[in-house]
Every structure is written in C-alpha cells, then in structure tokens.
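*Asks:* Sharing entry-v4.tsv here; it has TSV, C-alpha atoms.
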```tsv
chain	number	residue	atom	x	y	z
A	1	MET	CA	20.20	10.93	0.99
A	2	LYS	CA	17.70	10.41	3.79
A	3	THR	CA	19.23	8.68	6.78
A	4	LEU	CA	18.00	7.39	10.12
A	5	ALA	CA	19.64	10.44	11.73
A	6	ASP	CA	16.99	12.60	10.05
A	7	LEU	CA	14.38	10.66	12.00
A	8	LYS	CA	15.91	11.75	15.29
A	9	LYS	CA	15.18	15.38	14.42
A	10	ILE	CA	11.64	14.51	13.40
A	11	ARG	CA	11.16	12.61	16.63
A	12	GLU	CA	12.25	15.56	18.76
A	13	LYS	CA	9.98	17.95	16.89
A	14	ALA	CA	7.06	15.52	17.01
A	15	GLN	CA	7.43	14.90	20.73
A	16	GLU	CA	7.19	18.63	21.43
A	17	ASP	CA	4.18	18.86	19.17
A	18	LEU	CA	2.43	15.88	20.77
A	19	LYS	CA	3.14	17.21	24.23
A	20	LEU	CA	1.30	20.41	23.34
A	21	ARG	CA	-1.86	18.81	22.03
A	22	GLY	CA	-1.92	15.56	23.99
A	23	GLY	CA	-1.28	13.10	21.17
A	24	ASN	CA	-4.90	12.17	20.53
A	25	VAL	CA	-6.14	10.87	17.20
A	26	ARG	CA	-9.08	13.07	16.25
A	27	ILE	CA	-10.12	11.45	12.97
A	28	LYS	CA	-9.37	8.04	11.51
A	29	ILE	CA	-9.46	7.69	7.72
A	30	VAL	CA	-9.91	4.19	6.30
A	31	VAL	CA	-9.29	3.76	2.57
A	32	GLY	CA	-10.74	0.60	0.98
A	33	MET	CA	-7.90	-1.16	-0.84
A	34	GLY	CA	-9.49	-4.33	-2.20
A	35	THR	CA	-8.90	-5.48	-5.79
A	36	SER	CA	-11.78	-3.47	-7.25
A	37	GLY	CA	-10.89	-0.39	-5.20
A	38	ILE	CA	-7.31	-0.54	-6.49
A	39	ALA	CA	-8.53	-0.93	-10.07
A	40	MET	CA	-10.78	2.12	-9.60
A	41	GLY	CA	-8.03	4.42	-8.28
A	42	ALA	CA	-7.86	3.82	-4.51
A	43	ARG	CA	-4.06	4.14	-4.53
A	44	GLU	CA	-4.30	7.71	-5.82
A	45	VAL	CA	-6.98	8.45	-3.19
A	46	MET	CA	-4.67	7.15	-0.45
A	47	LYS	CA	-1.76	9.13	-1.88
A	48	THR	CA	-3.77	12.35	-1.94
A	49	PHE	CA	-4.78	11.93	1.72
A	50	LEU	CA	-1.12	11.44	2.65
A	51	GLU	CA	-0.06	14.50	0.63
A	52	GLU	CA	-2.74	16.67	2.22
A	53	ILE	CA	-1.88	15.50	5.73
A	54	ALA	CA	1.78	16.31	5.16
A	55	ALA	CA	1.08	19.65	3.44
A	56	ARG	CA	-1.42	20.84	6.06
A	57	ASN	CA	0.54	19.38	8.94
A	58	LEU	CA	-2.44	17.43	10.28
A	59	SER	CA	-0.79	15.52	13.10
A	60	ASP	CA	-4.01	14.34	14.77
A	61	VAL	CA	-5.26	12.29	11.80
A	62	LEU	CA	-4.65	8.57	11.25
A	63	VAL	CA	-4.85	6.94	7.80
A	64	THR	CA	-5.16	3.21	7.24
A	65	GLN	CA	-5.86	0.85	4.35
A	66	THR	CA	-8.30	-2.01	4.49
A	67	GLY	CA	-9.75	-4.70	2.23
A	68	GLU	CA	-13.02	-4.75	0.36
A	69	LYS	CA	-16.22	-3.79	2.13
A	70	GLY	CA	-18.85	-4.93	-0.32
A	71	LEU	CA	-19.43	-1.54	-1.93
A	72	SER	CA	-17.69	-2.48	-5.19
A	73	SER	CA	-19.93	-0.31	-7.36
A	74	MET	CA	-18.93	2.81	-5.40
A	75	GLU	CA	-15.17	2.29	-5.22
A	76	PRO	CA	-12.93	3.93	-4.23
A	77	VAL	CA	-14.59	4.03	-0.81
A	78	VAL	CA	-13.34	5.91	2.25
A	79	ASP	CA	-14.58	5.86	5.88
A	80	LEU	CA	-14.11	8.81	8.22
A	81	ILE	CA	-14.40	7.85	11.85
A	82	GLU	CA	-14.58	10.44	14.63
A	83	GLU	CA	-15.13	9.66	18.26
A	84	GLY	CA	-18.71	10.24	19.40
A	85	LYS	CA	-19.99	10.70	15.84
A	86	PRO	CA	-21.53	8.26	13.35
A	87	LYS	CA	-19.11	6.88	10.77
A	88	VAL	CA	-19.28	8.64	7.40
A	89	THR	CA	-18.60	6.65	4.22
A	90	TYR	CA	-17.63	8.53	1.07
A	91	GLY	CA	-17.88	6.76	-2.31
A	92	ASN	CA	-16.65	7.18	-5.89
A	93	MET	CA	-13.69	9.11	-4.56
A	94	ASN	CA	-10.89	10.70	-6.58
A	95	PRO	CA	-8.00	13.05	-5.70
A	96	ASP	CA	-10.09	16.23	-6.19
A	97	LYS	CA	-12.86	14.94	-3.94
A	98	VAL	CA	-10.26	13.93	-1.34
A	99	LYS	CA	-8.93	17.49	-1.27
A	100	LYS	CA	-12.45	18.81	-0.71
A	101	VAL	CA	-13.13	16.27	2.08
A	102	VAL	CA	-9.87	17.24	3.78
A	103	VAL	CA	-10.73	20.94	3.78
A	104	GLU	CA	-14.44	20.64	4.54
A	105	HIS	CA	-14.74	17.63	6.79
A	106	ILE	CA	-11.33	17.13	8.42
A	107	VAL	CA	-10.29	20.77	8.83
A	108	ASN	CA	-13.65	22.55	9.12
A	109	GLY	CA	-15.81	19.75	10.52
A	110	ARG	CA	-18.53	19.86	7.85
A	111	VAL	CA	-19.59	16.58	6.20
A	112	VAL	CA	-19.50	16.80	2.37
A	113	SER	CA	-22.97	15.31	1.86
A	114	ASP	CA	-22.68	15.15	-1.95
A	115	TYR	CA	-20.08	12.38	-1.71
A	116	VAL	CA	-21.61	10.43	1.18
A	117	VAL	CA	-22.81	6.92	0.32
A	118	ALA	CA	-23.51	5.63	3.83
A	119	THR	CA	-23.50	6.73	7.45
A	120	GLY	CA	-23.46	4.95	10.79
A	121	ASP	CA	-22.10	1.44	11.41
B	122	MET	CA	-4.95	-3.18	-13.40
B	123	GLN	CA	-2.86	-1.01	-15.70
B	124	ASP	CA	0.54	-1.71	-14.24
B	125	ILE	CA	2.65	-4.07	-12.14
B	126	SER	CA	2.80	-1.81	-9.09
B	127	LEU	CA	-1.02	-1.93	-8.79
B	128	HIS	CA	-0.87	-5.73	-8.84
B	129	LEU	CA	1.85	-5.53	-6.21
B	130	LEU	CA	-0.42	-3.40	-4.02
B	131	ASP	CA	-3.20	-5.98	-4.38
B	132	ILE	CA	-0.83	-8.81	-3.44
B	133	ILE	CA	0.47	-6.96	-0.36
B	134	GLU	CA	-3.13	-6.37	0.76
B	135	ASN	CA	-3.66	-10.15	0.55
B	136	SER	CA	-0.68	-10.63	2.89
B	137	VAL	CA	-2.08	-8.11	5.35
B	138	ARG	CA	-5.47	-9.83	5.23
B	139	ALA	CA	-3.65	-13.10	6.01
B	140	LYS	CA	-2.50	-11.42	9.25
B	141	ALA	CA	1.14	-11.03	8.24
B	142	ARG	CA	3.28	-9.05	10.69
B	143	ASN	CA	6.37	-8.95	8.48
B	144	ILE	CA	6.26	-8.47	4.73
B	145	LYS	CA	9.33	-8.52	2.50
B	146	VAL	CA	9.02	-6.92	-0.90
B	147	ARG	CA	11.77	-7.29	-3.46
B	148	VAL	CA	11.82	-5.77	-6.93
B	149	ILE	CA	14.76	-6.85	-9.04
B	150	ASN	CA	15.42	-5.20	-12.37
B	151	ASN	CA	17.96	-7.51	-13.97
B	152	VAL	CA	18.93	-6.06	-17.32
B	153	GLN	CA	21.53	-8.74	-17.95
B	154	LYS	CA	18.99	-11.53	-17.61
B	155	ASN	CA	16.29	-9.44	-19.30
B	156	ARG	CA	14.05	-10.05	-16.31
B	157	LEU	CA	11.94	-8.01	-13.94
B	158	ARG	CA	11.26	-10.03	-10.81
B	159	ILE	CA	8.85	-9.26	-7.99
B	160	ILE	CA	9.02	-11.27	-4.76
B	161	VAL	CA	6.56	-10.84	-1.90
B	162	GLU	CA	7.17	-12.90	1.20
B	163	ASP	CA	4.93	-12.83	4.28
B	164	ASP	CA	4.58	-14.56	7.63
B	165	GLY	CA	0.78	-14.65	7.47
B	166	THR	CA	-1.52	-17.62	7.99
B	167	GLY	CA	-0.43	-19.34	4.77
B	168	MET	CA	-2.47	-21.77	2.67
B	169	ASP	CA	-2.70	-25.50	2.21
B	170	SER	CA	-2.09	-26.92	-1.27
B	171	HIS	CA	-5.81	-27.00	-2.07
B	172	THR	CA	-6.35	-23.32	-1.19
B	173	LEU	CA	-3.12	-22.40	-2.97
B	174	GLU	CA	-4.41	-23.95	-6.17
B	175	LYS	CA	-7.83	-22.36	-5.70
B	176	ALA	CA	-6.29	-18.92	-5.17
B	177	GLN	CA	-5.11	-18.96	-8.78
B	178	ASP	CA	-8.62	-19.74	-9.98
B	179	PRO	CA	-10.70	-16.65	-10.85
B	180	PHE	CA	-13.89	-18.24	-9.53
B	181	TYR	CA	-12.64	-18.49	-5.99
B	182	THR	CA	-12.22	-15.97	-3.19
B	183	SER	CA	-11.15	-16.23	0.44
B	184	LYS	CA	-13.30	-13.23	1.31
B	185	LEU	CA	-16.27	-14.91	2.98
B	186	GLU	CA	-18.30	-11.74	3.38
B	187	ARG	CA	-18.34	-11.18	-0.36
B	188	GLU	CA	-21.55	-11.78	-2.28
B	189	LYS	CA	-19.88	-12.67	-5.54
B	190	LYS	CA	-17.46	-15.44	-4.74
B	191	VAL	CA	-14.91	-14.37	-7.30
B	192	GLY	CA	-11.34	-13.20	-6.69
B	193	LEU	CA	-9.59	-11.77	-9.71
B	194	GLY	CA	-6.48	-10.29	-8.12
B	195	ILE	CA	-4.12	-13.27	-8.27
B	196	PRO	CA	-5.42	-14.84	-11.53
B	197	LEU	CA	-5.05	-11.51	-13.38
B	198	PHE	CA	-1.51	-10.96	-12.12
B	199	LYS	CA	-0.61	-14.51	-13.17
B	200	GLN	CA	-2.14	-14.02	-16.58
B	201	ASN	CA	-0.42	-10.69	-17.16
B	202	ALA	CA	2.97	-12.27	-16.36
B	203	GLU	CA	2.48	-15.46	-18.36
B	204	LEU	CA	1.17	-13.63	-21.43
B	205	VAL	CA	4.52	-11.91	-21.88
B	206	GLY	CA	6.78	-14.92	-21.43
B	207	GLY	CA	7.06	-14.54	-17.67
B	208	SER	CA	6.10	-16.81	-14.82
B	209	PHE	CA	4.07	-16.79	-11.63
B	210	LYS	CA	4.89	-18.97	-8.65
B	211	MET	CA	3.25	-19.16	-5.26
B	212	ALA	CA	4.48	-21.29	-2.39
B	213	SER	CA	2.82	-21.47	0.98
B	214	GLU	CA	2.79	-23.35	4.25
B	215	PRO	CA	-0.11	-23.11	6.71
B	216	GLY	CA	1.07	-21.38	9.85
B	217	PHE	CA	4.27	-20.05	8.27
B	218	GLY	CA	3.37	-17.77	5.41
B	219	THR	CA	3.42	-17.34	1.67
B	220	VAL	CA	6.04	-16.48	-0.95
B	221	LEU	CA	5.09	-15.20	-4.33
B	222	THR	CA	7.56	-14.83	-7.19
B	223	VAL	CA	6.53	-13.17	-10.42
B	224	ASP	CA	8.81	-12.75	-13.41
B	225	PHE	CA	8.34	-10.53	-16.41
B	226	THR	CA	10.43	-10.48	-19.59
B	227	LEU	CA	11.91	-7.01	-19.40
B	228	ASP	CA	11.96	-6.12	-23.09
B	229	HIS	CA	8.70	-7.82	-24.12
B	230	ILE	CA	6.71	-5.28	-26.09
B	231	ASP	CA	3.42	-6.15	-24.35
B	232	ARG	CA	4.78	-6.18	-20.80
B	233	MET	CA	2.88	-3.85	-18.48
B	234	PRO	CA	4.97	-1.01	-17.08
B	235	LEU	CA	6.11	-1.20	-13.47
B	236	GLY	CA	4.17	2.01	-12.81
B	237	ASN	CA	4.16	4.08	-9.67
B	238	LEU	CA	6.06	1.88	-7.24
B	239	LYS	CA	6.52	4.78	-4.82
B	240	ASP	CA	2.81	5.36	-4.23
B	241	THR	CA	2.16	1.64	-3.84
B	242	LEU	CA	4.86	1.33	-1.17
B	243	LEU	CA	4.14	4.63	0.59
B	244	GLY	CA	0.43	3.89	0.97
B	245	THR	CA	0.94	0.35	2.25
B	246	ILE	CA	3.70	1.30	4.68
B	247	ILE	CA	1.78	4.21	6.23
B	248	GLY	CA	-1.60	2.49	5.93
B	249	HIS	CA	-0.55	-0.61	7.88
B	250	ALA	CA	1.11	0.58	11.03
B	251	GLU	CA	0.77	-2.92	12.52
B	252	VAL	CA	2.99	-4.51	9.86
B	253	ASP	CA	6.74	-4.23	9.36
B	254	PHE	CA	7.89	-3.88	5.78
B	255	TYR	CA	11.30	-4.73	4.38
B	256	VAL	CA	11.66	-3.23	0.93
B	257	HIS	CA	14.55	-4.16	-1.32
B	258	LEU	CA	15.02	-2.64	-4.75
B	259	ILE	CA	17.85	-4.02	-6.86
B	260	TYR	CA	19.13	-2.97	-10.25
B	261	ARG	CA	21.57	-5.28	-12.01
B	262	ASP	CA	23.47	-4.67	-15.19
B	263	LYS	CA	26.62	-6.23	-16.66
B	264	SER	CA	28.91	-3.79	-14.97
B	265	LYS	CA	27.03	-2.63	-11.91
B	266	GLU	CA	24.60	-3.42	-9.16
B	267	GLN	CA	22.64	-0.79	-7.24
B	268	CYS	CA	20.52	-1.47	-4.19
B	269	PHE	CA	18.03	0.33	-2.02
B	270	TYR	CA	16.78	-0.97	1.29
B	271	LEU	CA	14.07	0.36	3.55
B	272	ASP	CA	13.13	-1.28	6.82
B	273	THR	CA	10.14	0.10	8.70
B	274	LYS	CA	11.16	-1.75	11.86
B	275	ALA	CA	14.35	0.31	12.03
B	276	ILE	CA	12.36	3.48	11.28
B	277	ARG	CA	9.86	2.68	14.03
B	278	GLU	CA	12.63	2.00	16.55
B	279	GLU	CA	14.12	5.39	15.76
B	280	LEU	CA	10.72	7.11	16.06
B	281	GLY	CA	9.68	5.60	19.38
B	282	ASP	CA	6.06	6.52	20.07
B	283	ILE	CA	5.74	8.87	17.08
B	284	PRO	CA	3.34	7.27	14.53
B	285	LEU	CA	4.23	6.74	10.87
B	286	THR	CA	1.27	8.97	9.96
B	287	TYR	CA	2.97	11.99	11.54
B	288	PRO	CA	3.28	14.54	8.66
B	289	ASP	CA	7.09	14.79	8.69
B	290	VAL	CA	7.41	11.01	8.76
B	291	ILE	CA	5.19	10.67	5.69
B	292	GLU	CA	7.48	13.13	3.90
B	293	TYR	CA	10.57	11.27	5.10
B	294	ILE	CA	9.37	7.89	3.80
B	295	ASP	CA	8.11	9.45	0.57
B	296	GLN	CA	11.48	11.10	-0.03
B	297	SER	CA	13.45	7.94	0.88
B	298	LEU	CA	11.41	5.87	-1.57
B	299	TYR	CA	11.82	8.54	-4.25
B	300	GLU	CA	15.60	8.50	-3.87
B	301	GLY	CA	15.70	4.70	-3.77
B	302	ILE	CA	13.63	4.38	-6.93
B	303	GLN	CA	15.84	6.93	-8.73
B	304	ASN	CA	19.06	5.20	-7.63
B	305	THR	CA	17.91	1.79	-8.81
B	306	ASN	CA	16.51	3.02	-12.14
B	307	MET	CA	12.97	1.85	-11.34
B	308	GLU	CA	11.28	5.03	-12.49
B	309	ASP	CA	10.49	4.21	-16.10
B	310	VAL	CA	10.64	0.43	-16.16
```
What does the file become when written as structure tokens?
*Replies:*
Amino acid sequence: MKTLADLKKIREKAQEDLKLRGGNVRIKIVVGMGTSGIAMGAREVMKTFLEEIAARNLSDVLVTQTGEKGLSSMEPVVDLIEEGKPKVTYGNMNPDKVKKVVVEHIVNGRVVSDYVVATGD
Amino acid sequence: MQDISLHLLDIIENSVRAKARNIKVRVINNVQKNRLRIIVEDDGTGMDSHTLEKAQDPFYTSKLEREKKVGLGIPLFKQNAELVGGSFKMASEPGFGTVLTVDFTLDHIDRMPLGNLKDTLLGTIIGHAEVDFYVHLIYRDKSKEQCFYLDTKAIREELGDIPLTYPDVIEYIDQSLYEGIQNTNMEDV
C-alpha cells in the first residue's frame, strides 16, 4: 500500500532534482476539459500526457485542465505555452498524437505543424 | 458520454469553474441496497434556485463566452440516471457551494458502467493544483465494508514545495488510486 511516508522519499529526491535545475517550469500544457472535449476523448489525452511525463521524467513541465474554449469542432484541444514563444494550440488530439507532441515539441523543441489549429493568443 | 466516470469528470470541472477550492468526491457501491451513489460537494460560488433549475435544462449554459447557449453536461447525467430507475439531486446555496447526489440502480441492465474512475480522478487532481480534493470510495456488502480515502491536502503538506505534476508524484497518486479502486471493488462496476 502507498503511504504518506513514501511521499517523504519523493520529496527528498525532488528537492535535490529541483536544486540542480532551478525549479523552473519550461512548458505549460493546458488540456481543454469541457463537456464536448470530455465526450471526444480529452480524458485519455490528459492521461497520456501524465504517463509520458512520468515515463520520461519531465520534471519541468506543468499540466493543467481547463474548461471549453470555443473550439468544439476540434476537440480534444491542447495548448502548449512556453515563455517567450507564441502559444501553440493542437486540435483533434488522441493518445498517439500526444506521444508525438511530447517527443517532438516538448523534448526536441519542434512544433508538430500537422496538428496545429491555432497559434498566438 | 459512455460511462459514469466521464460524467463525474464533467461535474468536477463545473465545480472548478465555480471557483471551488475544496471538492469532495464520494463513490459508494452499496450492493446490499443495490445502489451506486455518486456525491460531489464543492465550496464554489453556488447557485440561486433559479440558476439551479436552469442548470438542469439542456438549453441553458453558464458559459457566457459560448456561442451556442446550450449546456448538456448536467441534463445528460440526470437523464442517464433517471432512465435506469436512479435519481439526480442538486442542492446549492450562493456563496457556500453545491452538492450533487446521483443514484444508479446497480443491477439495472441499461445502467452505464462506472468506467475508468482512476483516470478521471488522476487527471482532475493533477490538473487542478489550486484545488484540494477529498476522495472517498466505499464498498458495502451484507458482511463487509471497505473504504479508500485520498486527501490531496495531506499529500501537499507532505510534499512541501514539490508540485503534484512532479513525475514521481504522478506515479504515486496513480498507484494509490489503483490500489484504492481494487480494494473497494470499483474496477468493473
């Protein structure tokens, strides 16, 4: 069984890790979780991001959920926000596309233009 | 929505949108009473009686920015519960929050499955760092009762300044939920 004591170990490890790289958030991922997004598979998109972050040990990435953004026909929709760069919005996402975006965009810094539905604010 | 856990996700998102800071989620699988009960309680902005009534109407939405003024989340959940002999109750008080109680007849042949409760809870917990979640899963049978409890406030206190999105923390919460769901027989409900 997982206990709160396990968290102490994680905390110690994480503090070392954050000390080394300064604790900055490099990329923020925002998954649209409105009613239509959920119906179109946004939960699986969110889940895949979380799995990839854990598997690749991406400790400088932040993932959040938000409500509808008026792009219902392109759900599930995901925003990637990096400091000093225009926001990139990916549409019609699914777990396979998420994996590609993680490798290409988040790890290697190349926007996956095939899945982009909007850029900027 | 294909299952109850997707509806639950939709409902929790409503609570977050209502600026809730604490959200209690209870799932009670009561075999003895032949009832699956979902309770979501938040301390968000709440609704007056007029808005509360409107929220159950498919041709209403609180989302002002939306072009089509239609909100199907709550009406569909209500319909899916009532169609299988269940019930849907919402109580709210402006300034205090909202409580939603949804019952399903456990053995009704047309009841939607509970679905992937773990992914619903994992995503919402990690995806809303500003909200504290109190998750209670309860299984009740004639002879036994099994409970699982997860409290993100306690987790956060233990973690200090380490965010919930830290990879090992994601795995920790995922694993905790997995064990909790197994122990309360919520996997194939």
*Asks:* At most 8 Å is the cut-off: for each residue in chain A with any atom that close to an atom of chain B, write down the nearest atom pair and the distance in Å rounded to one decimal, counting all atoms listed in the file, chain first then increasing number, as CSV.
*Replies:*
```
residue,atom,partner,partner_atom,distance
A:Met1,CA,B:Glu300,CA,7.1
A:Lys2,CA,B:Ser297,CA,5.7
A:Leu4,CA,B:Ile276,CA,7.0
A:Leu7,CA,B:Glu279,CA,6.5
A:Lys8,CA,B:Glu279,CA,6.6
A:Ile10,CA,B:Asp289,CA,6.6
A:Arg11,CA,B:Leu280,CA,5.5
A:Ala14,CA,B:Ile283,CA,6.8
A:Gln15,CA,B:Ile283,CA,7.2
A:Met33,CA,B:Glu134,CA,7.2
A:Gly34,CA,B:Asp131,CA,6.9
A:Thr35,CA,B:Gly194,CA,5.9
A:Ile38,CA,B:Leu127,CA,6.8
A:Ala39,CA,B:Met122,CA,5.4
A:Arg43,CA,B:Thr241,CA,6.7
A:Glu44,CA,B:Asp240,CA,7.7
A:Met46,CA,B:Gly244,CA,6.2
A:Lys47,CA,B:Gly244,CA,6.4
A:Leu50,CA,B:Ile291,CA,7.0
A:Ile53,CA,B:Pro288,CA,6.0
A:Ala54,CA,B:Pro288,CA,4.2
A:Ala55,CA,B:Pro288,CA,7.6
A:Asn57,CA,B:Pro288,CA,5.6
A:Leu58,CA,B:Pro288,CA,6.6
A:Ser59,CA,B:Tyr287,CA,5.4
A:Val61,CA,B:Thr286,CA,7.6
A:Leu62,CA,B:Thr286,CA,6.1
A:Val63,CA,B:Gly248,CA,5.8
A:Thr64,CA,B:Gly248,CA,3.9
A:Gln65,CA,B:Gly248,CA,4.8
A:Thr66,CA,B:Glu134,CA,7.7
A:Gly67,CA,B:Glu134,CA,7.0
A:Gly70,CA,B:Arg187,CA,6.3
```
*Asks:* Would you list the contacts of Tyr270 of chain B as a list of chain:residue names, taking every protein, DNA or RNA residue within 9 Å and counting all atoms listed in the file, but skipping same-chain residues closer than 2 positions in sequence?
*Replies:*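 The filter keeps B:Tyr255, B:Val256, B:His257, B:Leu258, B:Ile259, B:Cys268, B:Asp272, B:Gly301.
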*Asks:* Go ahead and save the picked residues with C-alpha atoms, as a PDB file, keeping the file's coordinate frame.
*Replies:*
```pdb
ATOM      1  CA  TYR B 255      11.300  -4.730   4.380  1.00  0.00           C
ATOM      2  CA  VAL B 256      11.660  -3.230   0.930  1.00  0.00           C
ATOM      3  CA  HIS B 257      14.550  -4.160  -1.320  1.00  0.00           C
ATOM      4  CA  LEU B 258      15.020  -2.640  -4.750  1.00  0.00           C
ATOM      5  CA  ILE B 259      17.850  -4.020  -6.860  1.00  0.00           C
ATOM      6  CA  CYS B 268      20.520  -1.470  -4.190  1.00  0.00           C
ATOM      7  CA  ASP B 272      13.130  -1.280   6.820  1.00  0.00           C
ATOM      8  CA  GLY B 301      15.700   4.700  -3.770  1.00  0.00           C
TER       9      GLY B 301
END
```
*Asks:* With distances taken over only C-alpha atoms, which of A:Ile81, A:Val107, A:Met40, A:Val45 is nearest to Lys28 of chain A?
*Replies:*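 The shortest atom-to-atom distance to Lys28 of chain A comes from A:Ile81.
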*Asks:* Could you work out how far atom CA of Tyr90 of chain A lies from atom CA of Val78 of chain A, giving the answer in Å with one decimal?
*Replies:*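 Going from atom CA of Val78 of chain A over to atom CA of Tyr90 of chain A, I get 5.2 Å.
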*Asks:* One number please: atom CA of Glu174 of chain B to atom CA of Thr219 of chain B, in Å, one decimal.
*Replies:*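 Here the two named atoms are 12.9 Å from each other.
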*Asks:* Report the distance between atom CA of Pro179 of chain B and atom CA of Phe209 of chain B in Å, rounded to one decimal place.
*Replies:*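 Rounded to one decimal, the two atoms are 14.8 Å apart.
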*Asks:* For segment 144-154 of chain B, list every protein, DNA or RNA residue within 8 Å, evaluated using all atoms listed in the file, and leave out those in the same chain fewer than 6 positions away; present the list as a list in words.
*Replies:*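 Near segment 144-154 of chain B, the qualifying residues are Ile133, Ser136, Ile160, Val161, Glu162, Asp163, Asp164, Leu227, Val252, Asp253, Phe254, Tyr255, Val256, His257, Leu258, Ile259, Tyr260, Arg261, Asp262, Lys263 and Met307 of chain B.
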*Asks:* Hey, which of B:Asn306, B:Glu251, B:Ile230, B:Ser213 ends up closest to Lys265 of chain B? Count all atoms listed in the file.
*Replies:*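 Smallest distance to Lys265 of chain B is found for B:Asn306.
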*Asks:* The residues within 7 Å of (14.2, -11.6, -19.0), using only C-alpha atoms and the coordinates of the file, should be reported as a ChimeraX atom specification; which are they?
*Replies:* /B:154-157,225-227
*Asks:* Could you give me, as an MDAnalysis selection string, the residues within 9 Å of Glu75 of chain A, counting only C-alpha atoms and dropping anything in the same chain fewer than 6 positions from it?
*Replies:* chainID A and resid 32 36:42 91:93
*Asks:* Keeping C-alpha atoms for every residue in the selection just given, could you write it to a file as a compact mmCIF listing (two decimals), keeping the file's coordinate frame?
*Replies:*
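Ended up saving to result.txt:
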```txt
# COMPACT_ATOMS: atom_id res chain seq x y z
CA GLY A 32 -10.74 0.60 0.98
CA SER A 36 -11.78 -3.47 -7.25
CA GLY A 37 -10.89 -0.39 -5.20
CA ILE A 38 -7.31 -0.54 -6.49
CA ALA A 39 -8.53 -0.93 -10.07
CA MET A 40 -10.78 2.12 -9.60
CA GLY A 41 -8.03 4.42 -8.28
CA ALA A 42 -7.86 3.82 -4.51
CA GLY A 91 -17.88 6.76 -2.31
CA ASN A 92 -16.65 7.18 -5.89
CA MET A 93 -13.69 9.11 -4.56
```
*Asks:* Check the smallest atom-to-atom distance from each of A:Arg21, A:Lys85, A:His105, A:Lys100 to Asp60 of chain A using all atoms listed in the file, then report the winner.
*Replies:*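 Going through A:Arg21, A:Lys85, A:His105, A:Lys100 one by one, the smallest distance to Asp60 of chain A is for A:Arg21.
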